[in-house]
file query.cif (mmCIF, C-alpha atoms)
data_model
loop_
_atom_site.group_PDB
_atom_site.id
_atom_site.type_symbol
_atom_site.label_atom_id
_atom_site.label_comp_id
_atom_site.auth_asym_id
_atom_site.auth_seq_id
_atom_site.Cartn_x
_atom_site.Cartn_y
_atom_site.Cartn_z
ATOM 1 C CA MET A 1 0.000 0.000 0.000
ATOM 2 C CA ILE A 2 1.014 3.612 -0.589
ATOM 3 C CA TYR A 3 0.632 5.826 2.494
ATOM 4 C CA LEU A 4 0.566 9.608 2.200
ATOM 5 C CA THR A 5 0.695 12.328 4.852
ATOM 6 C CA TYR A 6 0.762 16.114 4.895
ATOM 7 C CA ASP A 7 4.549 16.176 5.374
ATOM 8 C CA ILE A 8 5.128 13.863 2.418
ATOM 9 C CA ALA A 9 2.775 15.934 0.263
ATOM 10 C CA LYS A 10 4.532 19.142 1.308
ATOM 11 C CA THR A 11 7.924 17.743 0.297
ATOM 12 C CA LEU A 12 6.625 16.649 -3.082
ATOM 13 C CA LEU A 13 4.668 19.838 -3.782
ATOM 14 C CA LYS A 14 7.808 21.930 -3.320
ATOM 15 C CA ASN A 15 8.908 20.411 -6.616
ATOM 16 C CA ILE A 16 5.573 20.715 -8.430
ATOM 17 C CA ASP A 17 6.921 22.925 -11.218
ATOM 18 C CA LYS A 18 10.174 21.048 -11.701
ATOM 19 C CA ASP A 19 10.812 18.237 -14.145
ATOM 20 C CA ASN A 20 13.075 15.196 -14.105
ATOM 21 C CA VAL A 21 13.772 15.691 -10.385
ATOM 22 C CA ILE A 22 14.665 12.644 -8.288
ATOM 23 C CA LEU A 23 13.569 12.552 -4.623
ATOM 24 C CA LYS A 24 13.839 9.961 -1.880
ATOM 25 C CA VAL A 25 10.487 9.468 -0.182
ATOM 26 C CA SER A 26 8.826 7.008 2.198
ATOM 27 C CA PHE A 27 5.408 5.661 1.254
ATOM 28 C CA ASP A 28 5.093 3.385 4.306
ATOM 29 C CA LEU A 29 5.332 6.008 7.069
ATOM 30 C CA GLY A 30 9.092 5.923 7.438
ATOM 31 C CA LYS A 31 9.738 2.186 7.433
ATOM 32 C CA THR A 32 11.513 2.294 4.058
ATOM 33 C CA PHE A 33 12.452 4.918 1.465
ATOM 34 C CA GLU A 34 12.473 4.810 -2.329
ATOM 35 C CA LYS A 35 13.402 7.071 -5.228
ATOM 36 C CA VAL A 36 10.606 8.822 -7.107
ATOM 37 C CA TYR A 37 10.698 10.996 -10.212
ATOM 38 C CA ILE A 38 8.868 14.262 -10.869
ATOM 39 C CA ARG A 39 7.707 14.369 -14.495
ATOM 40 C CA GLY A 40 5.109 16.733 -15.901
ATOM 41 C CA ARG A 41 3.562 17.560 -12.508
ATOM 42 C CA ARG A 42 3.247 13.860 -11.728
ATOM 43 C CA ILE A 43 5.125 11.623 -9.300
ATOM 44 C CA VAL A 44 6.407 8.407 -10.835
ATOM 45 C CA LEU A 45 7.191 5.534 -8.493
ATOM 46 C CA LYS A 46 9.658 2.764 -9.263
ATOM 47 C CA ASN A 47 6.818 0.300 -9.975
ATOM 48 C CA GLY A 48 5.385 2.653 -12.597
ATOM 49 C CA ILE A 49 2.520 3.986 -10.495
ATOM 50 C CA GLU A 50 1.913 7.696 -11.091
ATOM 51 C CA ILE A 51 0.388 10.190 -8.663
ATOM 52 C CA ASP A 52 -1.069 13.492 -9.833
ATOM 53 C CA MET A 53 0.490 16.376 -7.903
ATOM 54 C CA GLU A 54 -2.900 18.159 -7.724
ATOM 55 C CA LEU A 55 -4.254 15.301 -5.634
ATOM 56 C CA LEU A 56 -1.644 16.006 -2.946
ATOM 57 C CA LYS A 57 -3.186 19.432 -2.321
ATOM 58 C CA LYS A 58 -6.212 17.697 -0.777
ATOM 59 C CA ILE A 59 -4.157 16.096 2.002
ATOM 60 C CA LYS A 60 -4.855 17.524 5.463
ATOM 61 C CA ARG A 61 -2.671 17.708 8.545
ATOM 62 C CA ASP A 62 -2.845 15.010 11.245
ATOM 63 C CA ARG A 63 -4.218 12.407 8.871
ATOM 64 C CA ILE A 64 -2.873 9.384 7.058
ATOM 65 C CA TYR A 65 -4.158 8.387 3.636
ATOM 66 C CA ILE A 66 -3.891 5.324 1.453
ATOM 67 C CA TYR A 67 -3.472 6.100 -2.249
ATOM 68 C CA LYS A 68 -5.093 3.757 -4.752
ATOM 69 C CA ASP A 69 -6.300 4.256 -8.334
ATOM 70 C CA ASN A 70 -5.808 8.018 -8.230
ATOM 71 C CA THR A 71 -7.961 8.286 -5.090
ATOM 72 C CA LEU A 72 -7.088 9.166 -1.493
ATOM 73 C CA TYR A 73 -8.647 7.108 1.298
ATOM 74 C CA GLU A 74 -8.298 8.577 4.783
ATOM 75 C CA ILE A 75 -7.538 5.933 7.422
ATOM 76 C CA SER A 76 -10.454 6.736 9.650
ATOM 77 C CA ILE A 77 -13.847 5.460 10.742
ATOM 78 C CA ARG A 78 -16.836 7.684 11.421
ATOM 79 C CA ASN A 79 -19.831 6.260 13.250
ATOM 80 C CA LYS A 80 -20.983 7.375 16.680
ATOM 81 C CA ASN A 81 -17.273 8.047 17.292
ATOM 82 C CA TYR A 82 -14.492 9.349 15.061
ATOM 83 C CA TYR A 83 -11.401 7.150 14.835
ATOM 84 C CA LYS A 84 -8.374 8.196 12.826
ATOM 85 C CA LEU A 85 -4.756 7.180 12.438
ATOM 86 C CA VAL A 86 -2.463 10.153 13.058
ATOM 87 C CA PRO A 87 1.194 10.494 11.977
ATOM 88 C CA THR A 88 3.895 11.298 14.531
ATOM 89 C CA ALA A 89 7.685 11.449 14.551
ATOM 90 C CA ASP A 90 7.789 7.625 14.492
ATOM 91 C CA TYR A 91 4.858 5.231 15.031
ATOM 92 C CA PRO A 92 1.380 6.575 14.205
ATOM 93 C CA THR A 93 -1.068 7.006 17.058
ATOM 94 C CA LEU A 94 -4.799 6.397 17.194
ATOM 95 C CA GLU A 95 -7.083 9.320 17.903
ATOM 96 C CA ILE A 96 -10.657 8.746 19.080
ATOM 97 C CA ASN A 97 -12.915 11.783 19.270
ATOM 98 C CA GLY A 98 -9.856 14.022 19.465
ATOM 99 C CA ILE A 99 -8.160 12.034 22.258
ATOM 100 C CA ARG A 100 -4.837 10.468 21.344
ATOM 101 C CA MET A 101 -4.069 6.993 22.622
ATOM 102 C CA HIS A 102 -0.338 7.687 23.005
ATOM 103 C CA ARG A 103 1.713 10.538 24.365
ATOM 104 C CA THR A 104 2.952 12.592 21.409
ATOM 105 C CA LYS A 105 4.128 15.880 22.941
ATOM 106 C CA GLU A 106 6.776 14.935 25.490
ATOM 107 C CA CYS A 107 7.729 11.713 23.669
ATOM 108 C CA THR A 108 6.777 9.529 20.701
ATOM 109 C CA PRO A 109 4.515 6.442 20.659
ATOM 110 C CA LYS A 110 7.535 4.184 20.130
ATOM 111 C CA ASN A 111 9.547 5.671 22.993
ATOM 112 C CA ASP A 112 6.442 5.774 25.176
ATOM 113 C CA THR A 113 5.963 2.030 24.700
ATOM 114 C CA ILE A 114 9.615 1.196 25.326
ATOM 115 C CA MET A 115 9.778 3.379 28.454
ATOM 116 C CA LYS A 116 6.666 1.793 29.954
ATOM 117 C CA LEU A 117 7.928 -1.755 29.417
ATOM 118 C CA SER A 118 11.324 -0.865 30.874
ATOM 119 C CA LYS A 119 9.726 -0.360 34.296
ATOM 120 C CA ILE A 120 9.077 -4.078 34.842
ATOM 121 C CA LYS A 121 10.603 -7.426 33.964
ATOM 122 C CA ILE A 122 9.004 -8.887 30.837
ATOM 123 C CA PHE A 123 9.020 -12.691 30.701
ATOM 124 C CA GLY A 124 6.853 -15.777 30.424
ATOM 125 C CA PHE A 125 3.143 -15.330 29.784
ATOM 126 C CA VAL A 126 2.205 -11.648 29.388
ATOM 127 C CA LEU A 127 -1.370 -10.373 29.510
ATOM 128 C CA ASP A 128 -1.796 -7.085 27.625
ATOM 129 C CA THR A 129 -5.253 -5.908 28.665
ATOM 130 C CA CYS A 130 -5.860 -3.350 25.893
ATOM 131 C CA PHE A 131 -4.449 -4.044 22.411
ATOM 132 C CA GLY A 132 -4.944 -0.636 20.772
ATOM 133 C CA LEU A 133 -2.500 -0.500 17.856
ATOM 134 C CA GLY A 134 -0.549 -3.446 19.219
ATOM 135 C CA TYR A 135 2.717 -1.685 20.029
ATOM 136 C CA THR A 136 2.827 -3.009 23.594
ATOM 137 C CA ALA A 137 2.168 -6.571 22.449
ATOM 138 C CA ILE A 138 4.808 -6.359 19.718
ATOM 139 C CA HIS A 139 7.554 -5.027 21.985
ATOM 140 C CA ALA A 140 6.629 -7.333 24.872
ATOM 141 C CA SER A 141 6.809 -10.356 22.552
ATOM 142 C CA LYS A 142 10.530 -9.732 22.032
ATOM 143 C CA ARG A 143 11.150 -10.881 25.612
ATOM 144 C CA ALA A 144 8.030 -12.834 26.543
ATOM 145 C CA ARG A 145 7.251 -16.458 25.786
ATOM 146 C CA PHE A 146 3.685 -15.569 24.814
ATOM 147 C CA VAL A 147 1.498 -12.440 24.798
ATOM 148 C CA MET A 148 -2.288 -12.426 25.018
ATOM 149 C CA SER A 149 -3.690 -9.033 24.024
ATOM 150 C CA CYS A 150 -7.357 -8.099 24.378
ATOM 151 C CA GLU A 151 -9.354 -5.528 22.404
ATOM 152 C CA VAL A 152 -13.071 -4.802 22.847
ATOM 153 C CA ASP A 153 -13.465 -2.259 20.016
ATOM 154 C CA GLU A 154 -13.656 -3.714 16.493
ATOM 155 C CA ASN A 155 -13.102 -0.249 15.025
ATOM 156 C CA VAL A 156 -9.699 -0.129 16.692
ATOM 157 C CA ILE A 157 -8.818 -3.518 15.193
ATOM 158 C CA LYS A 158 -9.846 -2.285 11.732
ATOM 159 C CA ILE A 159 -7.595 0.765 12.039
ATOM 160 C CA ALA A 160 -4.714 -1.350 13.352
ATOM 161 C CA LYS A 161 -4.948 -3.668 10.352
ATOM 162 C CA LEU A 162 -4.283 -0.683 8.084
ATOM 163 C CA ASN A 163 -1.297 0.540 10.111
ATOM 164 C CA PRO A 164 2.057 -0.784 8.820
ATOM 165 C CA TYR A 165 3.543 -0.535 12.324
ATOM 166 C CA SER A 166 0.815 -2.812 13.742
ATOM 167 C CA ARG A 167 1.234 -5.523 11.123
ATOM 168 C CA GLU A 168 3.574 -7.694 13.189
ATOM 169 C CA ALA A 169 0.930 -8.154 15.879
ATOM 170 C CA PHE A 170 -1.296 -9.984 13.394
ATOM 171 C CA ILE A 171 1.391 -12.356 12.094
ATOM 172 C CA ASN A 172 3.605 -12.953 15.152
ATOM 173 C CA LYS A 173 2.876 -16.456 16.464
ATOM 174 C CA LYS A 174 3.832 -15.363 19.976
ATOM 175 C CA ILE A 175 0.921 -12.905 20.032
ATOM 176 C CA GLN A 176 -2.736 -13.863 20.421
ATOM 177 C CA ILE A 177 -5.289 -11.109 19.873
ATOM 178 C CA VAL A 178 -8.511 -11.784 21.756
ATOM 179 C CA ARG A 179 -11.610 -9.855 20.657
ATOM 180 C CA GLY A 180 -13.669 -9.011 23.701
ATOM 181 C CA ASP A 181 -14.017 -7.131 26.977
ATOM 182 C CA ILE A 182 -11.041 -7.754 29.241
ATOM 183 C CA CYS A 183 -13.380 -7.633 32.253
ATOM 184 C CA PHE A 184 -14.906 -10.888 31.000
ATOM 185 C CA VAL A 185 -11.845 -12.366 29.282
ATOM 186 C CA ILE A 186 -9.765 -12.224 32.457
ATOM 187 C CA LYS A 187 -12.364 -14.273 34.360
ATOM 188 C CA GLY A 188 -11.598 -17.174 32.022
ATOM 189 C CA LEU A 189 -7.910 -17.251 32.960
ATOM 190 C CA ARG A 190 -6.711 -19.659 35.631
ATOM 191 C CA ASP A 191 -5.465 -18.545 39.014
ATOM 192 C CA CYS A 192 -1.718 -17.833 39.082
ATOM 193 C CA SER A 193 -1.310 -18.396 35.325
ATOM 194 C CA VAL A 194 0.218 -15.085 34.172
ATOM 195 C CA ASN A 195 3.733 -13.735 34.757
ATOM 196 C CA VAL A 196 3.156 -10.126 33.747
ATOM 197 C CA VAL A 197 0.119 -7.884 33.270
ATOM 198 C CA ILE A 198 0.413 -4.694 31.233
ATOM 199 C CA HIS A 199 -2.653 -2.579 31.875
ATOM 200 C CA ASP A 200 -2.898 0.508 29.653
ATOM 201 C CA PRO A 201 -6.644 1.267 29.619
ATOM 202 C CA PRO A 202 -8.622 4.169 28.191
ATOM 203 C CA ARG A 203 -8.896 7.162 30.505
ATOM 204 C CA PHE A 204 -10.849 6.794 33.743
ATOM 205 C CA SER A 205 -13.862 8.778 32.475
ATOM 206 C CA LEU A 206 -14.303 6.330 29.564
ATOM 207 C CA ALA A 207 -13.598 3.005 31.300
ATOM 208 C CA GLY A 208 -13.944 3.415 35.052
ATOM 209 C CA GLN A 209 -14.498 -0.324 35.516
ATOM 210 C CA LEU A 210 -10.878 -0.932 34.481
ATOM 211 C CA TYR A 211 -9.731 1.118 37.492
ATOM 212 C CA SER A 212 -11.990 -0.634 39.990
ATOM 213 C CA GLU A 213 -10.976 -2.747 42.962
ATOM 214 C CA GLU A 214 -12.990 -5.612 41.506
ATOM 215 C CA PHE A 215 -10.901 -5.601 38.321
ATOM 216 C CA TYR A 216 -7.654 -5.268 40.276
ATOM 217 C CA LYS A 217 -8.659 -8.382 42.251
ATOM 218 C CA GLU A 218 -8.863 -10.273 38.967
ATOM 219 C CA ILE A 219 -5.411 -9.076 37.914
ATOM 220 C CA PHE A 220 -4.022 -10.133 41.293
ATOM 221 C CA ARG A 221 -5.745 -13.525 41.026
ATOM 222 C CA VAL A 222 -4.316 -14.444 37.612
ATOM 223 C CA LEU A 223 -0.786 -13.252 38.386
ATOM 224 C CA LYS A 224 1.726 -15.803 39.612
ATOM 225 C CA ASN A 225 3.606 -15.125 42.832
ATOM 226 C CA GLY A 226 6.481 -12.859 41.896
ATOM 227 C CA GLY A 227 4.524 -11.514 38.931
ATOM 228 C CA TYR A 228 4.601 -7.892 37.781
ATOM 229 C CA LEU A 229 1.978 -5.301 36.922
ATOM 230 C CA PHE A 230 2.452 -2.120 34.943
ATOM 231 C CA HIS A 231 -0.591 0.162 35.006
ATOM 232 C CA TYR A 232 -0.661 3.324 32.901
ATOM 233 C CA ILE A 233 -2.687 6.102 34.522
ATOM 234 C CA GLY A 234 -1.826 9.377 32.831
ATOM 235 C CA GLU A 235 -3.061 12.507 34.560
ATOM 236 C CA PRO A 236 -6.851 12.542 34.119
ATOM 237 C CA GLY A 237 -8.720 14.976 36.355
ATOM 238 C CA LYS A 238 -5.578 16.935 37.237
ATOM 239 C CA ARG A 239 -7.056 20.266 36.120
ATOM 240 C CA ARG A 240 -10.147 19.620 38.229
ATOM 241 C CA GLY A 241 -8.087 18.766 41.293
ATOM 242 C CA LEU A 242 -8.915 15.043 41.176
ATOM 243 C CA ASN A 243 -6.281 12.549 42.359
ATOM 244 C CA ILE A 244 -6.956 9.396 40.337
ATOM 245 C CA LYS A 245 -3.434 8.162 41.041
ATOM 246 C CA LYS A 246 -3.919 8.070 44.817
ATOM 247 C CA GLY A 247 -7.144 6.077 44.504
ATOM 248 C CA VAL A 248 -5.536 3.549 42.157
ATOM 249 C CA ILE A 249 -2.555 3.055 44.469
ATOM 250 C CA ASN A 250 -4.846 2.499 47.460
ATOM 251 C CA ARG A 251 -7.030 -0.011 45.589
ATOM 252 C CA LEU A 252 -4.001 -1.960 44.347
ATOM 253 C CA ARG A 253 -2.685 -2.202 47.896
ATOM 254 C CA ASN A 254 -6.115 -3.214 49.168
ATOM 255 C CA VAL A 255 -6.219 -6.277 46.908
ATOM 256 C CA GLY A 256 -2.741 -7.387 47.989
ATOM 257 C CA PHE A 257 -0.183 -5.829 45.662
ATOM 258 C CA LYS A 258 3.222 -4.924 47.129
ATOM 259 C CA ASN A 259 5.952 -2.517 46.024
ATOM 260 C CA VAL A 260 3.337 -0.217 44.519
ATOM 261 C CA ARG A 261 5.257 2.686 42.941
ATOM 262 C CA TRP A 262 4.391 5.712 40.833
ATOM 263 C CA HIS A 263 6.709 6.558 37.902
ATOM 264 C CA GLU A 264 6.370 10.181 36.891
ATOM 265 C CA ASP A 265 8.295 9.826 33.621
ATOM 266 C CA VAL A 266 5.767 7.351 32.204
ATOM 267 C CA LYS A 267 2.731 8.428 34.245
ATOM 268 C CA GLY A 268 2.211 4.878 35.430
ATOM 269 C CA ILE A 269 2.325 2.517 38.390
ATOM 270 C CA THR A 270 4.266 -0.694 38.910
ATOM 271 C CA ALA A 271 3.386 -3.336 41.482
ATOM 272 C CA ARG A 272 4.173 -6.959 42.331
ATOM 273 C CA LYS A 273 2.352 -9.973 43.677
ATOM 274 C CA ILE A 274 4.603 -11.340 46.405
#

call {"tool": "encode", "arguments": {"input": "query.cif", "output": "structure tokens"}}
result
Amino acid sequence: MIYLTYDIAKTLLKNIDKDNVILKVSFDLGKTFEKVYIRGRRIVLKNGIEIDMELLKKIKRDRIYIYKDNTLYEISIRNKNYYKLVPTADYPTLEINGIRMHRTKECTPKNDTIMKLSKIKIFGFVLDTCFGLGYTAIHASKRARFVMSCEVDENVIKIAKLNPYSREAFINKKIQIVRGDICFVIKGLRDCSVNVVIHDPPRFSLAGQLYSEEFYKEIFRVLKNGGYLFHYIGEPGKRRGLNIKKGVINRLRNVGFKNVRWHEDVKGITARKI
């Protein structure tokens, strides 16, 4: 597939009036680069595909498009919510109703994922409670024996399937993607069967049940003794003076977790079952 963004279009349009110019451009969001030729206000790719320069003027910021048959298709879904894939400095992020699923100001989605996983030991059987674009599952699989990743929203899965940086999650045999609500999926796991839980849920206002003591009891139950939990919190409610972090820490301790620690650099909590 050919992926186009505002930055790519801007680079190409700078040469709109030139001819026989050779540029090096990425059409898979930075994974690889190839030479293209500017000829008669058209971009000619190495496989012979041509793109009309005028079409590039329709590309908007903060969007990713797939080009096919001289048509642009925005990677987005509009129903009762608006989902779109958004370019960043490295991995794309998913935006739902204007809320981005990764930190993109103080760091990038790739670095955000790596930093979060660095806070705990990754090994054995890993439960990734919220699949999203699959970055956590992909990076965890490099050290884990097996990763089970759960996603309740089919629209998110559809977007992920169009994201070149999510592709590995769908073909890696060490990753199992489970379609369903983690609140129910986790009840089907055996006691003391999981080595690591990575819990990176939607914000508290959207999925309060995933911050409840009842759900934390389930995480504690399925973890093996010595197992690790990483729980991303973010800073929801900060402007309104709410302290979500304090409540989460207290509930984790109430269900039996030890070594409960807040990590400011990743806005998350680590804990162990000992």

call {"tool": "residues_near_point", "arguments": {"input": "query.cif", "point": "(6.7, -19.7, 29.1)", "cutoff": "7 Å", "atoms": "only C-alpha atoms", "output": "ChimeraX atom specification"}}
result
/A:124-125,145-146

call {"tool": "closest_residue", "arguments": {"input": "query.cif", "among": "A:Glu214, A:Gln176, A:His231, A:Val222", "to": "Val255 of chain A", "atoms": "all atoms listed in the file"}}
result
A:Glu214

call {"tool": "resolve_selection", "arguments": {"input": "query.cif", "expression": "the PyMOL selection byres ((chain A and resi 154-164) around 8)", "output": "PyMOL selection string"}}
result
chain A and resi 28-29+75-77+83-85+92+132-134+151-153+165-167+170+179

call {"tool": "resolve_selection", "arguments": {"input": "query.cif", "expression": "the PyMOL selection byres ((chain A and resi 1) around 9)", "output": "ChimeraX atom specification"}}
result
/A:2-3,27-28,66-68

call {"tool": "atom_distance", "arguments": {"input": "query.cif", "atom1": "atom CA of Lys224 of chain A", "atom2": "atom CA of Asn111 of chain A"}}
result
28.3 Å
